[in-house]
file work21.tsv (TSV, C-alpha atoms and all ligand atoms)
chain	number	residue	atom	x	y	z
A	1443	MET	CA	53.49	71.70	45.10
A	1444	LYS	CA	55.33	68.40	44.81
A	1445	ILE	CA	53.06	65.66	46.09
A	1446	LEU	CA	53.51	61.92	46.52
A	1447	PHE	CA	50.62	59.50	46.79
A	1448	ILE	CA	51.39	56.02	48.06
A	1449	GLY	CA	48.78	54.19	46.03
A	1450	GLY	CA	47.29	56.68	43.60
A	1451	THR	CA	45.41	54.35	41.26
A	1452	GLY	CA	42.79	53.15	43.76
A	1453	ASN	CA	39.13	53.81	44.46
A	1454	ILE	CA	39.78	57.09	46.28
A	1455	SER	CA	43.29	58.05	45.24
A	1456	THR	CA	42.49	58.06	41.52
A	1457	ALA	CA	40.12	61.01	41.95
A	1458	CYS	CA	42.64	62.74	44.26
A	1459	THR	CA	45.30	62.33	41.58
A	1460	ARG	CA	43.07	63.80	38.86
A	1461	GLU	CA	42.14	66.74	41.07
A	1462	ALA	CA	45.75	67.42	42.15
A	1463	LEU	CA	46.86	67.38	38.50
A	1464	ARG	CA	43.98	69.68	37.56
A	1465	GLN	CA	45.19	72.14	40.21
A	1466	GLY	CA	48.65	72.14	38.65
A	1467	HIS	CA	50.55	70.17	41.29
A	1468	THR	CA	53.43	67.86	40.43
A	1469	VAL	CA	52.09	64.43	41.32
A	1470	TYR	CA	54.22	61.38	42.04
A	1471	HIS	CA	52.80	57.90	42.61
A	1472	LEU	CA	54.51	55.14	44.51
A	1473	ASN	CA	52.89	51.80	43.71
A	1474	ARG	CA	53.68	48.47	42.07
A	1475	GLY	CA	52.53	49.72	38.68
A	1476	LEU	CA	49.78	47.10	38.26
A	1477	LYS	CA	47.32	49.70	36.97
A	1478	ALA	CA	47.88	52.64	34.62
A	1479	ALA	CA	48.07	56.07	36.28
A	1480	PRO	CA	45.02	58.27	35.76
A	1481	GLY	CA	45.93	61.14	33.54
A	1482	LYS	CA	49.10	62.16	31.79
A	1483	GLY	CA	51.79	63.77	33.84
A	1484	VAL	CA	51.89	61.44	36.86
A	1485	LEU	CA	55.49	60.64	37.75
A	1486	SER	CA	55.43	56.95	38.65
A	1487	LEU	CA	57.84	55.44	41.13
A	1488	LYS	CA	57.55	51.68	40.99
A	1489	ALA	CA	57.98	49.98	44.36
A	1490	ASP	CA	56.26	47.78	46.89
A	1491	ILE	CA	55.68	49.90	50.00
A	1492	ARG	CA	55.76	46.73	52.11
A	1493	LYS	CA	59.42	46.38	51.11
A	1494	PRO	CA	60.90	49.43	52.85
A	1495	ALA	CA	64.34	49.16	51.21
A	1496	GLU	CA	62.74	49.06	47.76
A	1497	ALA	CA	60.52	52.06	48.59
A	1498	ALA	CA	63.43	54.04	50.04
A	1499	LYS	CA	65.44	53.39	46.88
A	1500	ALA	CA	62.54	54.55	44.68
A	1501	ILE	CA	62.38	57.96	46.40
A	1502	ASP	CA	66.14	58.37	46.78
A	1503	GLY	CA	67.12	62.03	46.28
A	1504	LEU	CA	63.51	63.27	46.24
A	1505	THR	CA	61.71	65.54	48.68
A	1506	PHE	CA	58.02	66.42	48.73
A	1507	ASP	CA	55.72	69.12	50.04
A	1508	ALA	CA	53.19	66.44	50.98
A	1509	VAL	CA	53.13	62.65	51.11
A	1510	ALA	CA	49.78	60.87	51.47
A	1511	ASP	CA	49.68	57.17	52.29
A	1512	PHE	CA	46.39	55.68	51.09
A	1513	ILE	CA	47.30	52.13	51.99
A	1514	ALA	CA	48.56	52.15	55.57
A	1515	PHE	CA	46.42	49.87	57.71
A	1516	VAL	CA	48.48	48.90	60.78
A	1517	PRO	CA	50.99	50.81	62.94
A	1518	GLU	CA	53.88	48.89	61.34
A	1519	HIS	CA	52.96	50.48	57.98
A	1520	VAL	CA	53.03	53.97	59.53
A	1521	GLU	CA	56.32	53.23	61.34
A	1522	ALA	CA	57.86	52.22	58.02
A	1523	ASP	CA	56.59	55.45	56.41
A	1524	LEU	CA	58.04	57.51	59.24
A	1525	LYS	CA	61.45	55.97	58.62
A	1526	ILE	CA	61.31	56.31	54.84
A	1527	PHE	CA	59.93	59.85	54.68
A	1528	ALA	CA	61.54	61.47	57.75
A	1529	GLY	CA	63.06	64.76	56.62
A	1530	ARG	CA	61.72	64.30	53.10
A	1531	THR	CA	58.26	65.79	53.35
A	1532	GLY	CA	56.64	68.98	54.59
A	1533	GLN	CA	53.46	67.10	55.50
A	1534	PHE	CA	52.38	63.48	55.94
A	1535	LEU	CA	48.72	62.57	55.42
A	1536	PHE	CA	47.40	59.29	56.77
A	1537	ILE	CA	44.20	57.96	55.26
A	1538	SER	CA	42.26	56.56	58.19
A	1539	SER	CA	38.55	55.71	58.24
A	1540	ALA	CA	35.32	57.12	59.65
A	1541	SER	CA	34.63	53.60	60.90
A	1542	VAL	CA	36.83	54.49	63.89
A	1543	TYR	CA	34.01	56.49	65.48
A	1544	HIS	CA	32.22	55.08	68.51
A	1545	LYS	CA	28.88	53.75	67.36
A	1546	PRO	CA	26.12	54.07	68.20
A	1547	ALA	CA	27.25	57.68	68.55
A	1548	ARG	CA	26.11	59.33	71.78
A	1549	HIS	CA	25.06	62.33	69.71
A	1550	HIS	CA	23.42	61.50	66.41
A	1551	VAL	CA	25.72	63.87	64.48
A	1552	ILE	CA	29.37	62.74	64.32
A	1553	THR	CA	32.10	65.36	64.63
A	1554	GLU	CA	35.85	64.88	64.79
A	1555	SER	CA	35.52	64.98	68.60
A	1556	THR	CA	33.32	61.88	68.66
A	1557	PRO	CA	35.46	59.28	70.49
A	1558	ALA	CA	37.30	56.73	68.39
A	1559	PHE	CA	36.32	53.27	69.64
A	1560	ASN	CA	35.37	50.27	67.55
A	1561	PRO	CA	36.20	46.93	69.15
A	1562	PHE	CA	33.97	45.10	66.66
A	1563	TRP	CA	36.19	45.58	63.63
A	1564	LYS	CA	39.92	44.82	63.65
A	1565	TYR	CA	40.35	47.11	60.61
A	1566	SER	CA	39.06	50.09	62.62
A	1567	GLU	CA	41.03	49.17	65.73
A	1568	ASN	CA	44.19	49.15	63.63
A	1569	LYS	CA	43.36	52.52	62.06
A	1570	ILE	CA	42.88	53.94	65.58
A	1571	ALA	CA	46.31	52.59	66.58
A	1572	CYS	CA	47.86	54.24	63.50
A	1573	GLU	CA	46.18	57.55	64.35
A	1574	ASN	CA	47.41	57.38	67.96
A	1575	LEU	CA	50.95	56.72	66.81
A	1576	LEU	CA	50.90	59.77	64.53
A	1577	ARG	CA	49.38	61.97	67.24
A	1578	ARG	CA	52.23	60.99	69.55
A	1579	LYS	CA	54.74	61.93	66.85
A	1580	TYR	CA	53.04	65.31	66.50
A	1581	GLU	CA	53.06	65.86	70.26
A	1582	GLU	CA	56.67	64.73	70.69
A	1583	ARG	CA	58.27	66.53	67.75
A	1584	ARG	CA	55.58	68.41	65.82
A	1585	PHE	CA	55.73	65.84	63.04
A	1586	PRO	CA	53.55	67.57	60.42
A	1587	MET	CA	50.91	64.90	60.12
A	1588	THR	CA	47.28	65.16	59.06
A	1589	ILE	CA	44.74	62.41	59.66
A	1590	VAL	CA	41.98	62.11	57.06
A	1591	ARG	CA	38.97	59.90	57.69
A	1592	PRO	CA	36.95	59.03	54.60
A	1593	SER	CA	33.52	57.59	55.29
A	1594	HIS	CA	31.99	55.15	52.80
A	1595	THR	CA	33.46	56.52	49.58
A	1596	TYR	CA	32.73	55.15	46.12
A	1597	SER	CA	33.87	55.84	42.59
A	1598	GLU	CA	32.82	54.82	39.11
A	1599	ALA	CA	34.21	51.30	39.60
A	1600	TYR	CA	32.39	50.78	42.90
A	1601	ILE	CA	28.73	50.18	43.74
A	1602	PRO	CA	28.45	50.63	47.52
A	1603	THR	CA	26.42	48.06	49.44
A	1604	PRO	CA	26.68	46.93	53.07
A	1605	PHE	CA	28.89	44.03	51.96
A	1606	GLY	CA	30.62	44.72	48.71
A	1607	VAL	CA	32.15	47.13	46.26
A	1608	GLY	CA	31.75	45.34	42.94
A	1609	PHE	CA	28.90	44.01	40.84
A	1610	THR	CA	27.91	40.89	42.83
A	1611	GLU	CA	24.75	42.26	44.42
A	1612	SER	CA	23.87	44.23	41.29
A	1613	GLN	CA	24.03	41.03	39.27
A	1614	ARG	CA	21.72	39.36	41.79
A	1615	ILE	CA	19.28	42.26	41.40
A	1616	LEU	CA	19.42	41.99	37.59
A	1617	ASP	CA	18.87	38.20	37.83
A	1618	GLY	CA	15.84	38.68	40.11
A	1619	ARG	CA	17.63	36.98	43.01
A	1620	GLU	CA	17.24	38.15	46.60
A	1621	ILE	CA	19.78	40.36	48.33
A	1622	VAL	CA	20.40	40.86	52.05
A	1623	LEU	CA	19.92	44.14	53.87
A	1624	HIS	CA	20.87	44.44	57.52
A	1625	GLY	CA	18.18	45.26	60.07
A	1626	ASP	CA	15.02	46.98	58.85
A	1627	GLY	CA	16.96	49.02	56.29
A	1628	GLN	CA	16.07	52.31	58.00
A	1629	SER	CA	19.45	53.12	59.57
A	1630	LEU	CA	20.81	56.32	58.04
A	1631	TRP	CA	24.03	56.32	56.10
A	1632	THR	CA	26.37	58.73	54.34
A	1633	LEU	CA	27.97	57.95	50.99
A	1634	THR	CA	30.56	60.15	49.37
A	1635	HIS	CA	31.66	60.18	45.75
A	1636	SER	CA	35.45	60.08	45.36
A	1637	ASP	CA	35.33	63.18	43.10
A	1638	ASP	CA	33.77	65.11	46.00
A	1639	PHE	CA	36.25	63.65	48.49
A	1640	ALA	CA	39.12	64.72	46.22
A	1641	LYS	CA	38.04	68.37	46.21
A	1642	ALA	CA	38.30	68.57	50.01
A	1643	PHE	CA	41.34	66.31	50.29
A	1644	THR	CA	43.49	68.32	47.88
A	1645	GLY	CA	42.61	71.43	49.87
A	1646	LEU	CA	44.42	69.90	52.86
A	1647	LEU	CA	47.69	69.41	50.95
A	1648	GLY	CA	50.25	71.92	52.19
A	1649	ASN	CA	47.52	73.60	54.24
A	1650	PRO	CA	48.99	74.80	57.58
A	1651	ARG	CA	45.52	74.56	59.16
A	1652	ALA	CA	45.74	70.81	58.67
A	1653	TYR	CA	49.00	70.11	60.56
A	1654	GLY	CA	48.42	68.01	63.64
A	1655	GLU	CA	44.70	67.87	62.84
A	1656	THR	CA	42.12	65.21	62.06
A	1657	PHE	CA	39.33	65.65	59.51
A	1658	HIS	CA	36.58	63.53	58.13
A	1659	ILE	CA	35.46	64.27	54.61
A	1660	THR	CA	31.96	63.23	53.59
A	1661	GLY	CA	29.01	64.32	51.56
A	1662	ASP	CA	26.07	65.97	53.32
A	1663	GLU	CA	23.38	63.73	51.81
A	1664	VAL	CA	21.93	61.24	54.28
A	1665	LEU	CA	20.01	58.19	53.04
A	1666	SER	CA	18.58	55.07	54.63
A	1667	TRP	CA	20.07	51.78	53.47
A	1668	GLU	CA	16.68	50.95	51.98
A	1669	ASN	CA	16.87	54.19	49.95
A	1670	ILE	CA	20.42	53.40	48.86
A	1671	THR	CA	19.46	49.90	47.73
A	1672	ASN	CA	16.43	51.15	45.82
A	1673	LEU	CA	18.53	53.84	44.11
A	1674	ILE	CA	20.95	51.11	43.00
A	1675	GLY	CA	17.92	49.24	41.65
A	1676	ASP	CA	16.71	52.40	39.83
A	1677	ALA	CA	20.12	52.82	38.20
A	1678	LEU	CA	20.06	49.15	37.13
A	1679	GLY	CA	16.46	49.42	35.92
A	1680	LYS	CA	15.23	46.59	38.14
A	1681	ALA	CA	13.60	46.65	41.58
A	1682	PRO	CA	15.72	44.84	44.19
A	1683	ARG	CA	14.22	41.89	46.09
A	1684	ILE	CA	15.35	42.87	49.59
A	1685	VAL	CA	15.37	40.45	52.51
A	1686	HIS	CA	15.93	42.12	55.88
A	1687	VAL	CA	18.13	40.14	58.26
A	1688	PRO	CA	19.22	41.32	61.72
A	1689	SER	CA	22.87	42.36	61.83
A	1690	ASP	CA	23.69	40.02	64.73
A	1691	ILE	CA	22.36	37.04	62.76
A	1692	ILE	CA	24.45	38.07	59.75
A	1693	ALA	CA	27.49	38.39	62.01
A	1694	ARG	CA	26.87	34.94	63.50
A	1695	LEU	CA	26.43	33.28	60.11
A	1696	GLU	CA	29.16	35.17	58.25
A	1697	PRO	CA	31.51	36.81	60.79
A	1698	GLU	CA	33.57	38.58	58.14
A	1699	LEU	CA	30.52	40.34	56.71
A	1700	GLY	CA	29.20	41.02	60.20
A	1701	ALA	CA	32.33	42.84	61.40
A	1702	GLY	CA	31.60	45.81	59.15
A	1703	LEU	CA	28.01	45.91	60.39
A	1704	LEU	CA	28.23	45.62	64.18
A	1705	GLY	CA	30.72	48.43	64.73
A	1706	ASP	CA	29.62	50.48	61.76
A	1707	LYS	CA	26.83	50.07	59.19
A	1708	THR	CA	24.20	48.84	61.63
A	1709	TYR	CA	24.10	52.31	63.13
A	1710	CYS	CA	23.31	55.72	61.72
A	1711	ALA	CA	26.29	57.67	60.38
A	1712	ILE	CA	25.56	61.35	59.93
A	1713	PHE	CA	28.55	63.68	59.78
A	1714	ASP	CA	29.09	67.32	60.62
A	1715	ASN	CA	31.54	68.59	57.98
A	1716	THR	CA	32.08	72.03	59.51
A	1717	LYS	CA	35.76	71.42	60.25
A	1718	ILE	CA	36.76	70.45	56.70
A	1719	LYS	CA	34.65	73.26	55.26
A	1720	GLN	CA	36.47	75.75	57.47
A	1721	ALA	CA	39.90	74.41	56.51
A	1722	VAL	CA	39.03	74.20	52.81
A	1723	PRO	CA	36.78	77.18	52.11
A	1724	GLY	CA	34.34	76.57	49.29
A	1725	PHE	CA	34.29	72.79	49.69
A	1726	GLN	CA	30.85	71.37	49.08
A	1727	ALA	CA	29.98	67.86	47.93
A	1728	THR	CA	27.93	68.15	44.74
A	1729	ILE	CA	27.30	64.56	43.58
A	1730	PRO	CA	24.13	63.09	45.10
A	1731	PHE	CA	23.95	59.31	45.24
A	1732	HIS	CA	21.27	58.98	42.55
A	1733	VAL	CA	23.69	60.70	40.14
A	1734	GLY	CA	26.90	58.98	41.33
A	1735	VAL	CA	25.41	55.48	41.26
A	1736	ARG	CA	24.20	55.95	37.67
A	1737	ARG	CA	27.76	56.81	36.71
A	1738	SER	CA	28.96	53.63	38.43
A	1739	VAL	CA	26.33	51.44	36.77
A	1740	GLU	CA	27.20	52.96	33.35
A	1741	TRP	CA	30.86	52.11	33.98
A	1742	PHE	CA	30.05	48.49	34.83
A	1743	MET	CA	27.59	48.09	31.94
A	1744	ALA	CA	30.12	49.44	29.40
A	1745	ASP	CA	32.22	46.25	29.53
A	1746	PRO	CA	31.06	42.76	30.58
A	1747	ARG	CA	34.54	42.02	31.97
A	1748	ARG	CA	33.87	44.62	34.66
A	1749	ARG	CA	30.78	42.77	35.88
A	1750	ALA	CA	32.61	39.97	37.67
A	1751	VAL	CA	30.72	38.26	40.48
A	1752	ASP	CA	32.60	37.50	43.70
A	1753	PRO	CA	31.74	33.81	44.27
A	1754	ALA	CA	32.59	33.99	48.00
A	1755	LEU	CA	30.23	36.94	48.60
A	1756	ASP	CA	27.53	35.38	46.44
A	1757	LYS	CA	27.78	32.14	48.46
A	1758	ALA	CA	27.80	34.02	51.78
A	1759	LEU	CA	24.60	35.87	50.82
A	1760	ASP	CA	22.93	32.58	49.85
A	1761	HIS	CA	24.05	31.08	53.16
A	1762	ILE	CA	22.55	33.98	55.15
A	1763	LEU	CA	19.29	33.87	53.18
A	1764	SER	CA	18.77	30.13	53.47
A	1765	ASP	CA	19.57	30.03	57.17
A	1766	TRP	CA	17.40	33.07	57.97
A	1767	LYS	CA	14.42	31.57	56.17
A	1768	LYS	CA	14.76	28.37	58.19
A	1801	LIG	N1	36.40	53.45	50.21
A	1801	LIG	C1	35.95	53.63	51.41
A	1801	LIG	O1	34.75	53.58	51.62
A	1801	LIG	C2	36.90	53.93	52.53
A	1801	LIG	C3	36.35	54.30	53.76
A	1801	LIG	C4	37.21	54.59	54.80
A	1801	LIG	C5	38.57	54.51	54.60
A	1801	LIG	N2	39.08	54.13	53.41
A	1801	LIG	C6	40.55	54.06	53.27
A	1801	LIG	O2	40.94	54.53	51.99
A	1801	LIG	C7	42.16	53.87	51.62
A	1801	LIG	C8	42.01	53.25	50.26
A	1801	LIG	O3	42.35	54.21	49.28
A	1801	LIG	P1	42.11	53.84	47.76
A	1801	LIG	O4	40.66	53.51	47.66
A	1801	LIG	O5	42.60	54.88	46.88
A	1801	LIG	O6	43.04	52.54	47.65
A	1801	LIG	P2	42.81	51.20	46.93
A	1801	LIG	O7	41.65	51.20	46.03
A	1801	LIG	O8	42.93	50.13	47.95
A	1801	LIG	O9	44.10	51.21	45.94
A	1801	LIG	C9	45.24	50.61	46.20
A	1801	LIG	C10	46.40	51.47	45.62
A	1801	LIG	O10	47.57	51.13	46.33
A	1801	LIG	C11	48.53	50.53	45.46
A	1801	LIG	N3	49.13	49.43	46.20
A	1801	LIG	C12	48.52	48.34	46.73
A	1801	LIG	N4	49.42	47.56	47.38
A	1801	LIG	C13	50.62	48.18	47.25
A	1801	LIG	C14	51.93	47.88	47.71
A	1801	LIG	N5	52.20	46.78	48.43
A	1801	LIG	N6	52.93	48.75	47.44
A	1801	LIG	C15	52.69	49.87	46.72
A	1801	LIG	N7	51.46	50.20	46.27
A	1801	LIG	C16	50.45	49.37	46.52
A	1801	LIG	C17	47.76	50.11	44.23
A	1801	LIG	O11	48.58	50.08	43.09
A	1801	LIG	P3	49.37	48.71	42.67
A	1801	LIG	O12	48.41	47.59	42.86
A	1801	LIG	O13	49.78	48.96	41.25
A	1801	LIG	O14	50.55	48.60	43.58
A	1801	LIG	C18	46.71	51.23	44.16
A	1801	LIG	O15	47.30	52.37	43.59
A	1801	LIG	C19	42.43	52.82	52.68
A	1801	LIG	O16	43.37	53.29	53.62
A	1801	LIG	C20	41.07	52.64	53.34
A	1801	LIG	O17	41.20	52.19	54.67
A	1801	LIG	C21	38.28	53.84	52.37

call {"tool": "encode", "arguments": {"input": "work21.tsv", "output": "structure tokens", "more": "lines below"}}
Ligand SMILES: NC(=O)c1ccc[n+]([C@@H]2O[C@H](COP(=O)([O-])OP(=O)(O)OC[C@H]3O[C@@H](n4cnc5c(N)ncnc54)[C@H](OP(=O)(O)O)[C@@H]3O)[C@@H](O)[C@H]2O)c1
result
Amino acid sequence: MKILFIGGTGNISTACTREALRQGHTVYHLNRGLKAAPGKGVLSLKADIRKPAEAAKAIDGLTFDAVADFIAFVPEHVEADLKIFAGRTGQFLFISSASVYHKPARHHVITESTPAFNPFWKYSENKIACENLLRRKYEERRFPMTIVRPSHTYSEAYIPTPFGVGFTESQRILDGREIVLHGDGQSLWTLTHSDDFAKAFTGLLGNPRAYGETFHITGDEVLSWENITNLIGDALGKAPRIVHVPSDIIARLEPELGAGLLGDKTYCAIFDNTKIKQAVPGFQATIPFHVGVRRSVEWFMADPRRRAVDPALDKALDHILSDWKK
């Protein structure tokens, strides 16, 4: 198949690119070309997707079996895609987010029928609006869309914590400094390695069972945040000094960090993956967190330039800790 990824060199889309190439698809990327494509054979189209004329010019004369937009966040982004790709693709996949689900969930296991409602986090509200727009297009004219909701998904260049993706909290652990964990650390959470996500995601490309449908794709391993943090410490070879702080206090002190807690990470997130497993027979996540996080730590430790600390996050954590202790 001929596939276009808008993005393609990111945290999730890199693994999807590698997997699509491995399966023998022709893979195009549309991005600004700031990062090298993973793997030989990617056909790169250089354009800024936020400049619709530039993007339309880049794909002029091309058609695709599937186009997946990894970087659409608001309805205006989806509207622009609809204009650019109308009549040019057999399927359009929108990468949404499992943070759209109503939490705390009324049933402790989340399925695709769990209502989408998250007024705490603008990011999730916007993803819901994008989904609704695409559903309308499917209902009105059978626009062949598929909505894909990743949950917390990490890759080698990503150490997942409640607040960050990079090395900031890991560096604090290595330095013996305290880190913040929301609540009592016992809420249950699902992490998915991007290589596992990619196996399921590529199975949706050109898959007629996916048209008009919504899927989440996650691993089946469920861990408490305390477990997750200690496994990060194990991979780093140093026990974390965890300070538990209630989510609402974190949100009051650092609203930006709190937004991702109150409508999301404060609560348990356990997913039923029956639907994706039915659509993509044979899909099974195989990378447990204790294995995936070691791979991430190895990647960061291989080059000091990768271990950059985010000064704003570091300062925000210090602010929360000092205020909480008072
Ligand atoms: N990771 C998670 O836990 C998680 C959970 C739920 C949902 N999601 C969703 O997953 C998606 C992120 O996918 P990802 O991790 O692969 O992406 P990502 O890491 O954010 O990567 C960004 C990609 O988009 C390209 N890009 C950025 N701005 C661009 C622009 N203006 N024009 C063209 N290309 C541009 C980048 O290349 P250039 O910089 O070279 O242009 C790069 O290829 C998002 O929609 C997010 O909401 C992620």

call {"tool": "atom_distance", "arguments": {"input": "work21.tsv", "atom1": "atom CA of A:Ile1621", "atom2": "atom CA of A:Arg1683"}}
result
6.2 Å

call {"tool": "atom_distance", "arguments": {"input": "work21.tsv", "atom1": "atom C3 of ligand LIG 1801 (chain A)", "atom2": "atom CA of A:Ile1537"}}
result
8.8 Å

call {"tool": "residues_near_ligand", "arguments": {"input": "work21.tsv", "ligand": "ligand LIG 1801 (chain A)", "cutoff": "8 Å", "atoms": "all atoms listed in the file", "output": "mmCIF file with C-alpha atoms, in the frame of the given file"}}
result
data_model
loop_
_atom_site.group_PDB
_atom_site.id
_atom_site.type_symbol
_atom_site.label_atom_id
_atom_site.label_comp_id
_atom_site.auth_asym_id
_atom_site.auth_seq_id
_atom_site.Cartn_x
_atom_site.Cartn_y
_atom_site.Cartn_z
ATOM 1 C CA ILE A 1448 51.390 56.020 48.060
ATOM 2 C CA GLY A 1449 48.780 54.190 46.030
ATOM 3 C CA GLY A 1450 47.290 56.680 43.600
ATOM 4 C CA THR A 1451 45.410 54.350 41.260
ATOM 5 C CA GLY A 1452 42.790 53.150 43.760
ATOM 6 C CA ASN A 1453 39.130 53.810 44.460
ATOM 7 C CA ILE A 1454 39.780 57.090 46.280
ATOM 8 C CA SER A 1455 43.290 58.050 45.240
ATOM 9 C CA THR A 1456 42.490 58.060 41.520
ATOM 10 C CA HIS A 1471 52.800 57.900 42.610
ATOM 11 C CA LEU A 1472 54.510 55.140 44.510
ATOM 12 C CA ASN A 1473 52.890 51.800 43.710
ATOM 13 C CA ARG A 1474 53.680 48.470 42.070
ATOM 14 C CA GLY A 1475 52.530 49.720 38.680
ATOM 15 C CA LEU A 1476 49.780 47.100 38.260
ATOM 16 C CA LYS A 1477 47.320 49.700 36.970
ATOM 17 C CA ALA A 1478 47.880 52.640 34.620
ATOM 18 C CA LYS A 1488 57.550 51.680 40.990
ATOM 19 C CA ALA A 1489 57.980 49.980 44.360
ATOM 20 C CA ASP A 1490 56.260 47.780 46.890
ATOM 21 C CA ILE A 1491 55.680 49.900 50.000
ATOM 22 C CA ARG A 1492 55.760 46.730 52.110
ATOM 23 C CA LYS A 1493 59.420 46.380 51.110
ATOM 24 C CA ASP A 1511 49.680 57.170 52.290
ATOM 25 C CA PHE A 1512 46.390 55.680 51.090
ATOM 26 C CA ILE A 1513 47.300 52.130 51.990
ATOM 27 C CA ALA A 1514 48.560 52.150 55.570
ATOM 28 C CA PHE A 1515 46.420 49.870 57.710
ATOM 29 C CA PHE A 1536 47.400 59.290 56.770
ATOM 30 C CA ILE A 1537 44.200 57.960 55.260
ATOM 31 C CA SER A 1538 42.260 56.560 58.190
ATOM 32 C CA SER A 1539 38.550 55.710 58.240
ATOM 33 C CA ALA A 1540 35.320 57.120 59.650
ATOM 34 C CA SER A 1541 34.630 53.600 60.900
ATOM 35 C CA TYR A 1565 40.350 47.110 60.610
ATOM 36 C CA LYS A 1569 43.360 52.520 62.060
ATOM 37 C CA ARG A 1591 38.970 59.900 57.690
ATOM 38 C CA PRO A 1592 36.950 59.030 54.600
ATOM 39 C CA SER A 1593 33.520 57.590 55.290
ATOM 40 C CA HIS A 1594 31.990 55.150 52.800
ATOM 41 C CA THR A 1595 33.460 56.520 49.580
ATOM 42 C CA TYR A 1596 32.730 55.150 46.120
#

call {"tool": "axis_aligned_box", "arguments": {"input": "work21.tsv", "around": "stretch 1675-1682 of chain A", "padding_each_side": "3 Å", "output": "AutoDock Vina command-line options"}}
result
--center_x 16.9 --center_y 48.8 --center_z 40.1 --size_x 12.5 --size_y 14.0 --size_z 14.3

call {"tool": "atom_distance", "arguments": {"input": "work21.tsv", "atom1": "atom CA of A:Thr1459", "atom2": "atom CA of A:Val1484"}}
result
8.2 Å

call {"tool": "closest_residue", "arguments": {"input": "work21.tsv", "among": "A:Gly1675, A:Gly1654, A:Pro1557, A:Gly1661", "to": "A:Ile1712", "atoms": "all atoms listed in the file"}}
result
A:Gly1661

call {"tool": "residues_near_point", "arguments": {"input": "work21.tsv", "point": "(32.8, 60.1, 60.8)", "cutoff": "10 Å", "atoms": "only C-alpha atoms", "output": "PyMOL selection string"}}
result
chain A and resi 1539-1545+1547+1551-1556+1558+1591-1594+1632+1657-1660+1711-1715

call {"tool": "closest_residue", "arguments": {"input": "work21.tsv", "among": "A:Ala1522, A:Val1735, A:Leu1759, A:Ala1744", "to": "A:Leu1695", "atoms": "all atoms listed in the file"}}
result
A:Leu1759

call {"tool": "closest_residue", "arguments": {"input": "work21.tsv", "among": "A:Asn1574, A:Gln1613, A:Thr1505, A:Gln1533", "to": "A:Val1739", "atoms": "all atoms listed in the file"}}
result
A:Gln1613

call {"tool": "residues_around", "arguments": {"input": "work21.tsv", "residues": "A:Asn1568", "least_positions_apart": "5", "cutoff": "9 Å", "atoms": "only C-alpha atoms", "output": "PyMOL selection string"}}
result
chain A and resi 1515-1517+1563+1573

call {"tool": "decode", "arguments": {"input": "work21.tsv", "residues": "stretch 1562-1573 of chain A", "atoms": "N, CA and C atoms", "output": "PDB file, in the first residue's frame"}}
result
ATOM      1  N   PHE A1562     -11.329  18.839  32.031  1.00  0.00           N
ATOM      2  CA  PHE A1562     -10.194  19.324  32.808  1.00  0.00           C
ATOM      3  C   PHE A1562      -9.006  19.703  31.927  1.00  0.00           C
ATOM      4  N   TRP A1563      -8.980  19.144  30.708  1.00  0.00           N
ATOM      5  CA  TRP A1563      -7.770  19.256  29.900  1.00  0.00           C
ATOM      6  C   TRP A1563      -8.154  19.717  28.502  1.00  0.00           C
ATOM      7  N   LYS A1564      -7.750  20.948  28.168  1.00  0.00           N
ATOM      8  CA  LYS A1564      -8.102  21.525  26.865  1.00  0.00           C
ATOM      9  C   LYS A1564      -7.655  20.605  25.714  1.00  0.00           C
ATOM     10  N   TYR A1565      -6.473  20.027  25.877  1.00  0.00           N
ATOM     11  CA  TYR A1565      -5.928  19.097  24.862  1.00  0.00           C
ATOM     12  C   TYR A1565      -6.936  17.998  24.541  1.00  0.00           C
ATOM     13  N   SER A1566      -7.538  17.408  25.582  1.00  0.00           N
ATOM     14  CA  SER A1566      -8.486  16.306  25.374  1.00  0.00           C
ATOM     15  C   SER A1566      -9.792  16.831  24.788  1.00  0.00           C
ATOM     16  N   GLU A1567     -10.236  17.986  25.284  1.00  0.00           N
ATOM     17  CA  GLU A1567     -11.465  18.581  24.731  1.00  0.00           C
ATOM     18  C   GLU A1567     -11.319  18.814  23.231  1.00  0.00           C
ATOM     19  N   ASN A1568     -10.147  19.282  22.834  1.00  0.00           N
ATOM     20  CA  ASN A1568      -9.910  19.535  21.408  1.00  0.00           C
ATOM     21  C   ASN A1568      -9.879  18.235  20.611  1.00  0.00           C
ATOM     22  N   LYS A1569      -9.282  17.196  21.197  1.00  0.00           N
ATOM     23  CA  LYS A1569      -9.248  15.905  20.484  1.00  0.00           C
ATOM     24  C   LYS A1569     -10.691  15.383  20.309  1.00  0.00           C
ATOM     25  N   ILE A1570     -11.519  15.576  21.337  1.00  0.00           N
ATOM     26  CA  ILE A1570     -12.920  15.134  21.236  1.00  0.00           C
ATOM     27  C   ILE A1570     -13.617  15.896  20.097  1.00  0.00           C
ATOM     28  N   ALA A1571     -13.364  17.191  20.012  1.00  0.00           N
ATOM     29  CA  ALA A1571     -13.984  17.997  18.943  1.00  0.00           C
ATOM     30  C   ALA A1571     -13.514  17.498  17.568  1.00  0.00           C
ATOM     31  N   CYS A1572     -12.259  17.140  17.452  1.00  0.00           N
ATOM     32  CA  CYS A1572     -11.739  16.602  16.168  1.00  0.00           C
ATOM     33  C   CYS A1572     -12.449  15.288  15.842  1.00  0.00           C
ATOM     34  N   GLU A1573     -12.571  14.426  16.846  1.00  0.00           N
ATOM     35  CA  GLU A1573     -13.242  13.132  16.623  1.00  0.00           C
ATOM     36  C   GLU A1573     -14.677  13.363  16.146  1.00  0.00           C
TER      37      GLU A1573
END
